[in-house]
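Below is target-v4.txt, holding compact mmCIF, C-alpha atoms.
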```txt
# COMPACT_ATOMS: atom_id res chain seq x y z
CA MET A 1 0.00 0.00 0.00
CA SER A 2 1.17 3.51 -0.81
CA ASP A 3 -0.54 6.60 0.59
CA LEU A 4 1.63 9.07 -1.32
CA THR A 5 0.18 11.18 -4.12
CA VAL A 6 1.51 12.81 -7.30
CA SER A 7 0.54 16.25 -8.54
CA ARG A 8 -1.36 16.88 -11.78
CA HIS A 9 1.72 18.60 -13.23
CA PHE A 10 3.76 15.40 -13.30
CA VAL A 11 0.90 13.49 -14.93
CA GLU A 12 0.67 16.09 -17.69
CA ALA A 13 4.46 16.32 -18.05
CA ALA A 14 4.82 12.54 -18.36
CA LEU A 15 2.29 12.63 -21.21
CA GLY A 16 3.94 15.55 -23.01
CA GLY A 17 6.10 13.53 -25.38
CA ALA A 18 3.29 11.12 -26.24
CA ARG A 19 0.98 14.04 -27.00
CA ARG A 20 3.50 15.67 -29.35
CA LYS A 21 4.01 12.38 -31.18
CA GLY A 22 0.31 11.90 -31.80
CA PHE A 23 -0.59 9.29 -29.18
CA ASP A 24 -4.08 9.37 -27.69
CA THR A 25 -3.30 10.63 -24.20
CA ARG A 26 -6.89 10.20 -23.04
CA GLN A 27 -6.61 6.52 -23.88
CA LEU A 28 -3.28 6.28 -22.05
CA LEU A 29 -4.88 7.82 -18.96
CA ALA A 30 -7.88 5.50 -19.20
CA GLU A 31 -5.65 2.44 -19.44
CA ALA A 32 -3.92 3.58 -16.25
CA GLY A 33 -7.26 4.02 -14.49
CA ILE A 34 -7.16 7.84 -14.46
CA HIS A 35 -10.19 9.68 -15.85
CA PRO A 36 -8.96 12.37 -18.31
CA ASP A 37 -11.47 14.96 -17.09
CA PHE A 38 -10.20 14.50 -13.56
CA LEU A 39 -7.07 16.47 -14.50
CA GLU A 40 -8.96 19.63 -15.40
CA SER A 41 -8.29 21.04 -11.95
CA ASN A 42 -4.81 22.54 -11.63
CA MET A 43 -4.60 21.23 -8.06
CA ALA A 44 -5.65 17.66 -8.86
CA ARG A 45 -3.53 14.79 -7.54
CA VAL A 46 -3.49 11.06 -8.26
CA GLY A 47 -2.44 8.15 -6.11
CA SER A 48 1.10 6.87 -6.65
CA ASP A 49 -0.24 3.47 -7.73
CA SER A 50 -2.18 5.14 -10.57
CA PHE A 51 0.85 7.18 -11.57
CA SER A 52 3.04 4.09 -11.61
CA ARG A 53 0.54 2.37 -13.92
CA LEU A 54 0.53 5.42 -16.19
CA MET A 55 4.32 5.38 -16.52
CA GLN A 56 4.30 1.70 -17.43
CA THR A 57 1.50 2.29 -19.93
CA ILE A 58 3.42 5.11 -21.63
CA TRP A 59 6.63 3.08 -21.90
CA THR A 60 4.79 0.06 -23.31
CA CYS A 61 2.70 1.97 -25.85
CA MET A 62 5.57 4.17 -27.04
CA ASP A 63 8.31 1.53 -26.68
CA ASP A 64 10.38 4.39 -25.33
CA GLU A 65 11.62 4.75 -21.76
CA PHE A 66 12.40 8.41 -22.51
CA MET A 67 8.66 8.90 -23.25
CA GLY A 68 9.31 10.89 -26.39
CA LEU A 69 11.18 13.56 -24.40
CA GLY A 70 14.77 12.60 -25.19
CA PRO A 71 17.11 13.12 -28.15
CA ARG A 72 16.45 9.50 -29.21
CA ARG A 73 14.29 6.54 -28.27
CA ALA A 74 15.26 4.21 -25.43
CA ARG A 75 13.50 0.95 -26.24
CA ALA A 76 11.68 -0.87 -23.48
CA GLY A 77 14.16 -3.00 -21.55
CA THR A 78 17.07 -0.56 -21.70
CA PHE A 79 16.86 0.27 -17.99
CA ALA A 80 16.48 -3.39 -17.04
CA THR A 81 19.57 -4.33 -19.05
CA MET A 82 21.61 -1.65 -17.31
CA CYS A 83 20.41 -2.90 -13.91
CA GLU A 84 21.34 -6.48 -14.69
CA LEU A 85 24.83 -5.31 -15.65
CA VAL A 86 25.46 -3.32 -12.46
CA ILE A 87 24.05 -5.86 -9.99
CA GLY A 88 27.43 -7.64 -9.90
CA CYS A 89 29.34 -4.48 -8.95
CA PRO A 90 31.04 -4.52 -5.53
CA THR A 91 30.34 -0.89 -4.52
CA LEU A 92 28.14 2.08 -5.37
CA ASP A 93 31.14 3.76 -7.01
CA ALA A 94 31.46 0.83 -9.40
CA VAL A 95 27.69 0.89 -10.05
CA PHE A 96 27.65 4.51 -11.18
CA ARG A 97 30.77 4.09 -13.32
CA LYS A 98 29.53 0.95 -15.07
CA ALA A 99 26.09 2.49 -15.65
CA PHE A 100 27.80 5.48 -17.26
CA ARG A 101 29.85 3.23 -19.55
CA PHE A 102 26.67 1.40 -20.55
CA SER A 103 24.94 4.67 -21.40
CA ARG A 104 27.88 5.75 -23.57
CA LEU A 105 27.08 2.88 -25.95
CA PHE A 106 24.08 4.86 -27.20
CA GLU A 107 24.26 8.07 -29.21
CA PRO A 108 23.21 10.71 -28.38
CA MET A 109 24.06 9.94 -24.77
CA VAL A 110 21.63 10.44 -21.89
CA THR A 111 23.19 9.59 -18.56
CA MET A 112 24.57 10.69 -15.19
CA GLU A 113 28.33 11.09 -14.83
CA LEU A 114 30.08 10.67 -11.49
CA HIS A 115 32.63 13.19 -10.21
CA GLY A 116 34.43 13.26 -6.88
CA ALA A 117 36.23 16.11 -5.16
CA GLY A 118 37.37 16.13 -1.54
CA ASP A 119 34.68 14.72 0.73
CA GLN A 120 31.85 15.14 -1.76
CA ALA A 121 30.65 13.24 -4.82
CA ARG A 122 28.47 14.62 -7.59
CA LEU A 123 26.29 13.01 -10.24
CA ASP A 124 26.07 15.33 -13.25
CA LEU A 125 23.28 14.99 -15.80
CA VAL A 126 24.55 14.60 -19.39
CA VAL A 127 22.05 14.91 -22.26
CA GLU A 128 23.55 15.19 -25.74
CA GLY A 129 21.78 16.30 -28.89
CA ASP A 130 18.48 18.09 -29.37
CA TYR A 131 15.51 17.12 -27.24
CA GLU A 132 12.08 18.43 -26.23
CA ASP A 133 11.62 18.49 -22.48
CA PRO A 134 9.74 21.75 -21.83
CA ASP A 135 8.43 20.60 -18.46
CA TYR A 136 11.85 19.25 -17.36
CA TYR A 137 10.33 15.83 -16.70
CA LEU A 138 13.05 13.80 -18.43
CA ARG A 139 15.76 15.61 -16.51
CA GLU A 140 13.95 15.28 -13.18
CA SER A 141 13.35 11.59 -13.84
CA MET A 142 17.02 10.90 -14.55
CA LEU A 143 18.08 12.45 -11.25
CA VAL A 144 15.42 10.61 -9.26
CA ILE A 145 15.96 7.19 -10.87
CA TRP A 146 19.75 7.14 -10.53
CA HIS A 147 19.62 8.40 -6.95
CA ARG A 148 16.96 5.95 -5.77
CA LEU A 149 18.42 3.02 -7.69
CA GLY A 150 21.76 3.62 -6.00
CA SER A 151 20.08 3.85 -2.59
CA TRP A 152 18.22 0.58 -3.17
CA LEU A 153 21.34 -1.26 -4.31
CA ILE A 154 23.30 -0.44 -1.14
CA GLY A 155 20.31 -0.84 1.17
CA GLN A 156 20.51 2.65 2.63
CA PRO A 157 19.31 6.07 1.47
CA VAL A 158 21.98 8.26 -0.10
CA GLU A 159 21.37 11.52 1.75
CA LEU A 160 21.66 14.47 -0.61
CA LEU A 161 23.61 17.58 0.32
CA LYS A 162 22.44 19.67 -2.64
CA ALA A 163 20.41 19.48 -5.84
CA GLU A 164 21.28 21.87 -8.69
CA PHE A 165 19.46 22.67 -11.92
CA ASN A 166 20.77 24.55 -14.94
CA TYR A 167 17.36 26.09 -15.63
CA PRO A 168 15.18 28.68 -13.87
CA ARG A 169 12.93 27.62 -11.05
CA PRO A 170 9.88 26.13 -12.84
CA PRO A 171 6.27 26.87 -11.87
CA HIS A 172 6.12 23.47 -10.14
CA GLY A 173 9.40 24.11 -8.31
CA ASP A 174 7.66 23.82 -4.95
CA GLU A 175 7.25 20.09 -5.61
CA TYR A 176 11.05 19.73 -5.65
CA ARG A 177 11.07 20.22 -1.89
CA HIS A 178 9.27 16.91 -1.46
CA ILE A 179 11.32 15.07 -4.09
CA PHE A 180 14.90 15.87 -3.13
CA HIS A 181 14.70 16.92 0.56
CA CYS A 182 17.84 19.05 0.38
CA PRO A 183 18.90 22.61 -0.48
CA LEU A 184 17.95 23.51 -4.07
CA ALA A 185 19.80 25.78 -6.52
CA PHE A 186 18.31 26.88 -9.85
CA GLU A 187 20.05 28.56 -12.79
CA ALA A 188 23.21 26.67 -11.77
CA GLY A 189 26.07 25.73 -14.08
CA HIS A 190 24.87 22.12 -14.27
CA THR A 191 22.05 19.79 -13.26
CA ALA A 192 23.46 17.55 -10.56
CA LEU A 193 23.07 15.84 -7.19
CA THR A 194 25.76 16.18 -4.51
CA PHE A 195 26.24 13.76 -1.61
CA ASP A 196 28.91 12.63 0.86
CA ILE A 197 31.64 10.65 -0.88
CA ARG A 198 31.52 7.94 1.80
CA TYR A 199 28.46 6.45 0.09
CA LEU A 200 30.57 5.47 -2.91
CA SER A 201 32.40 2.84 -0.88
CA ALA A 202 29.16 1.28 0.39
CA PRO A 203 28.84 -2.35 -0.79
CA VAL A 204 26.07 -3.52 -3.10
CA ILE A 205 23.90 -5.86 -0.99
CA ARG A 206 21.29 -6.90 -3.58
CA ASP A 207 21.48 -10.03 -5.71
CA LEU A 208 20.09 -11.00 -9.12
CA PRO A 209 16.82 -12.58 -7.84
CA GLU A 210 16.11 -9.40 -5.85
CA MET A 211 16.88 -7.33 -8.94
CA LYS A 212 14.45 -9.33 -11.07
CA GLN A 213 11.71 -8.69 -8.50
CA PHE A 214 12.69 -5.02 -8.29
CA LEU A 215 12.38 -4.65 -12.07
CA ASN A 216 8.77 -5.83 -12.07
CA THR A 217 7.61 -2.33 -11.15
CA SER A 218 10.69 -0.14 -11.61
CA PRO A 219 11.57 2.49 -12.55
CA ALA A 220 7.91 3.54 -12.36
CA ASP A 221 7.81 3.02 -8.59
CA LEU A 222 11.06 4.93 -8.17
CA LEU A 223 9.38 7.96 -9.72
CA SER A 224 5.98 7.63 -8.09
CA ARG A 225 6.98 6.77 -4.52
CA PRO A 226 9.45 9.26 -3.05
CA ASP A 227 11.87 7.59 -0.64
CA GLU A 228 11.56 9.58 2.57
CA SER A 229 13.07 7.00 4.91
CA ASN A 230 16.30 8.93 5.32
CA THR A 231 14.65 12.30 5.93
CA TRP A 232 13.30 13.99 9.01
CA THR A 233 10.07 14.42 7.05
CA GLY A 234 9.79 10.67 6.53
CA ARG A 235 10.61 9.88 10.14
CA ILE A 236 7.93 12.25 11.36
CA ARG A 237 5.36 10.77 8.97
CA GLY A 238 6.31 7.35 10.33
CA LEU A 239 5.86 8.45 13.94
CA ILE A 240 2.47 10.02 13.24
CA GLY A 241 1.38 6.84 11.45
CA ARG A 242 -1.72 6.30 9.34
CA ASP A 243 -4.36 6.33 12.08
CA LEU A 244 -5.18 10.02 11.97
CA SER A 245 -8.47 9.59 13.86
CA ARG A 246 -6.48 9.84 17.07
CA PRO A 247 -4.98 13.16 18.22
CA MET A 248 -1.64 13.76 16.56
CA PRO A 249 1.44 13.94 18.79
CA ASP A 250 2.65 17.48 19.36
CA PHE A 251 5.95 18.81 18.10
CA ASP A 252 7.80 18.49 21.41
CA HIS A 253 6.78 14.82 21.67
CA ILE A 254 7.95 14.16 18.11
CA ALA A 255 11.30 15.82 18.84
CA ALA A 256 11.75 13.70 21.97
CA GLU A 257 10.95 10.52 20.02
CA LEU A 258 13.62 11.50 17.48
CA HIS A 259 16.13 12.20 20.28
CA THR A 260 16.62 15.81 19.29
CA SER A 261 15.59 19.22 20.58
CA PRO A 262 12.61 21.09 19.12
CA GLN A 263 14.94 23.86 17.96
CA THR A 264 17.20 21.41 16.13
CA LEU A 265 14.25 19.63 14.56
CA ARG A 266 12.80 22.93 13.27
CA ARG A 267 16.17 23.69 11.72
CA ARG A 268 16.36 20.23 10.12
CA LEU A 269 12.88 20.61 8.65
CA LYS A 270 13.77 24.04 7.32
CA GLN A 271 16.77 22.47 5.57
CA GLU A 272 14.32 20.00 3.98
CA ASN A 273 12.17 22.96 2.91
CA THR A 274 9.16 22.00 5.02
CA SER A 275 7.55 22.41 8.45
CA PHE A 276 5.72 20.27 10.99
CA GLN A 277 2.38 21.84 10.03
CA GLU A 278 2.96 21.16 6.33
CA ILE A 279 3.90 17.54 7.05
CA LYS A 280 0.62 17.06 8.95
CA ASP A 281 -1.46 18.76 6.24
CA LEU A 282 0.11 16.75 3.41
CA LEU A 283 -0.25 13.50 5.35
CA ARG A 284 -3.96 14.20 5.84
CA ARG A 285 -4.33 15.06 2.16
CA ASP A 286 -2.57 11.91 0.95
CA MET A 287 -4.45 9.65 3.36
CA ALA A 288 -7.76 11.24 2.31
CA ILE A 289 -7.00 10.46 -1.34
CA TYR A 290 -5.97 6.93 -0.40
CA TYR A 291 -9.29 6.35 1.39
CA LEU A 292 -11.35 7.99 -1.37
CA GLU A 293 -10.05 5.30 -3.73
CA ARG A 294 -11.95 2.78 -1.60
CA PRO A 295 -15.62 3.11 -2.61
CA GLU A 296 -16.86 1.12 0.38
CA LEU A 297 -15.90 4.00 2.71
CA ALA A 298 -18.38 6.84 3.20
CA ILE A 299 -16.95 10.34 2.83
CA ASN A 300 -18.07 11.31 6.34
CA ASP A 301 -16.22 8.26 7.67
CA ILE A 302 -13.11 9.32 5.74
CA ALA A 303 -13.32 12.78 7.30
CA PHE A 304 -13.15 11.15 10.75
CA ARG A 305 -10.34 8.80 9.70
CA VAL A 306 -8.10 11.70 8.66
CA GLY A 307 -8.70 13.67 11.83
CA PHE A 308 -11.69 15.95 11.17
CA THR A 309 -14.58 16.07 13.64
CA GLU A 310 -16.84 17.94 11.18
CA PRO A 311 -17.36 16.70 7.59
CA SER A 312 -17.85 20.29 6.40
CA THR A 313 -14.37 21.21 7.66
CA PHE A 314 -12.93 18.21 5.81
CA HIS A 315 -14.70 19.27 2.58
CA ARG A 316 -13.23 22.77 2.80
CA ALA A 317 -9.73 21.49 3.57
CA PHE A 318 -9.81 18.91 0.77
CA LYS A 319 -10.92 21.49 -1.79
CA LYS A 320 -8.09 23.76 -0.62
CA TRP A 321 -5.60 20.90 -1.09
CA THR A 322 -6.82 19.59 -4.44
CA GLY A 323 -9.15 22.15 -6.02
CA VAL A 324 -12.15 19.77 -5.91
CA THR A 325 -14.48 18.42 -3.23
CA PRO A 326 -14.06 14.85 -1.93
CA GLY A 327 -17.24 13.86 -3.77
CA ALA A 328 -16.01 15.30 -7.08
CA TRP A 329 -12.65 13.60 -6.60
CA ARG A 330 -14.32 10.24 -5.98
CA GLU A 331 -16.61 10.64 -9.02
CA GLY A 332 -13.58 11.30 -11.21
CA GLU A 333 -11.78 8.27 -9.82
CA ARG A 334 -14.90 6.10 -10.28
CA ALA A 335 -15.25 7.25 -13.89
CA GLY A 336 -11.62 6.33 -14.46
```
Please, can you express the file's structure as structure tokens?
Amino acid sequence: MSDLTVSRHFVEAALGGARRKGFDTRQLLAEAGIHPDFLESNMARVGSDSFSRLMQTIWTCMDDEFMGLGPRRARAGTFATMCELVIGCPTLDAVFRKAFRFSRLFEPMVTMELHGAGDQARLDLVVEGDYEDPDYYLRESMLVIWHRLGSWLIGQPVELLKAEFNYPRPPHGDEYRHIFHCPLAFEAGHTALTFDIRYLSAPVIRDLPEMKQFLNTSPADLLSRPDESNTWTGRIRGLIGRDLSRPMPDFDHIAAELHTSPQTLRRRLKQENTSFQEIKDLLRRDMAIYYLERPELAINDIAFRVGFTEPSTFHRAFKKWTGVTPGAWREGERAG
């Protein structure tokens, strides 16, 4: 089960290449279980399971893992082949270097190149040739997939020190706070992720059978389910839990559970570009969407489950979060 949600922007951006190449995007959405009219609201969100299905549908129908956004086509199976090659590497350093060599076999090249300097390592995005990526989705996807694949291979999250982008802050830039959980820099000299160099010596702990299972749903799940396990945000979500019908623990209690002071925790959350109040609001929003996908639950019951004593208050909050009422959201999901 995943209670995370994905914004309308990323759904539209993922479909951008297919739309330009003449594919029926309404049909692609329908095959993924997303009603096309549901996306008319700018604040609409879909469950991560639905988004994962959409990604897989696009790749299958287009036979292109770059989704029509890159300088060339990457036939279905390219990512899986790269993964099967790197699974035998001893360390994360070897993984990134072998993956880069694999990517160099294709022209124009689309890859991440590893650099190390002092106590920091950096993965730089390299995209050769002409390409159409007006919403930056291909570039965002490359950063996310390489980072989360590396984290999965070594069995621990690679904590990011900085994420840089060689383009202006996009209109959806606020979403980056919940994707990268680190300081962000736009209009930089390169698009890159920086992390502590110690991660490069971490051993690969996965084996081929695990990789085969991993590839059943990846990289779609890597894109649709942000890995928050190494963040203060994720730890707080874990402590709050999914039973929001009970009173939420206060900030001082959360800080004590995390063995830190409230002042330090506020500073950590600020570094992750969020706050305790925002974490609570977004958790309620995502859990509400998760429950609304279950038609057997009445909307008034859902309001109680996500911590509202009055259904009318829940309706107002949900419309503020998503642009539509809970009933309208459920009707769109049912139609899909």
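Remark: for Leu114 (chain A), the closest of the candidate residues A:Ile254, A:Leu160, A:Leu4, A:Leu193 is A:Leu193 (distances computed over all atoms listed in the file).
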With only C-alpha atoms counted, which protein, DNA or RNA residues have an atom no more than 10 Å from (13.8, 23.1, 6.2) in the file frame? Please answer as a ChimeraX atom specification. /A:177,181-183,232-233,265-276
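Rounded to one decimal, CA of Lys162 (chain A) and CA of Glu278 (chain A) lie 21.5 Å from each other.
Comparing A:Trp329, A:Phe10, A:Phe214, A:Phe23 by their smallest distance to Phe79 (chain A), the closest is A:Phe214 (using all atoms listed in the file).
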Region 105-159 of chain A residues near region 199-213 of chain A within 10 Å, closest pair each, using all atoms listed in the file, as a Markdown table:
```
| residue | atom | partner | partner_atom | distance |
| --- | --- | --- | --- | --- |
| A:Gly116 | CA | A:Leu200 | CA | 9.6 |
| A:Gln120 | CA | A:Tyr199 | CA | 9.5 |
| A:Ala121 | CA | A:Leu200 | CA | 8.0 |
| A:Gly150 | CA | A:Val204 | CA | 8.8 |
| A:Ser151 | CA | A:Tyr199 | CA | 9.2 |
| A:Trp152 | CA | A:Arg206 | CA | 8.1 |
| A:Leu153 | CA | A:Val204 | CA | 5.4 |
| A:Ile154 | CA | A:Val204 | CA | 4.6 |
| A:Gly155 | CA | A:Ile205 | CA | 6.5 |
| A:Gln156 | CA | A:Ala202 | CA | 9.0 |
| A:Pro157 | CA | A:Tyr199 | CA | 9.3 |
| A:Val158 | CA | A:Tyr199 | CA | 6.7 |
| A:Glu159 | CA | A:Tyr199 | CA | 8.9 |
```
Among the residues A:Gly16, A:Ala317, A:Pro71, A:Gln56, the one that comes closest to Leu222 (chain A) [using only C-alpha atoms]: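 Nearest to Leu222 (chain A): A:Gln56.
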For Glu107 (chain A), which of A:Arg237, A:His9, A:Lys21, A:Arg73 is the closest residue, counting all atoms listed in the file? A:Arg73
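Note that the spacing between CA of Asp24 (chain A) and CA of Glu331 (chain A) amounts to 22.5 Å.
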Point-to-point distance in Å for CA of Val6 (chain A) and CA of Ser48 (chain A): 6.0 Å
List the neighbours of region 166-176 of chain A out to 6 Å using all atoms listed in the file; skip same-chain residues closer than 6 positions along the sequence, and give me the result as a PyMOL selection string. chain A and resi 186-191
Residue nearest Ile289 (chain A) among A:Leu28, A:Ala44, A:Leu138, A:Leu239 (counting all atoms listed in the file): A:Ala44
Could you give me the axis-aligned bounding box of region 90-99 of chain A, with 5 Å of padding per side, as centre plus edge lengths in Å to one decimal, as JSON?
```
{"center_x": 28.8, "center_y": 0.0, "center_z": -10.1, "size_x": 15.4, "size_y": 19.0, "size_z": 21.1}
```
Which residues are near Arg330 (chain A)? Cut-off 9 Å, only C-alpha atoms, ignore same chain within fewer than 6 positions. Put them as number ranges by chain. A: 289, 292-295
Measuring between all atoms listed in the file, which one of A:Asp49, A:Glu128, A:Glu84, A:Asp243 shows the shortest distance to Arg104 (chain A)?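 When distances to Arg104 (chain A) are compared using all atoms listed in the file, the smallest one comes from A:Glu128.
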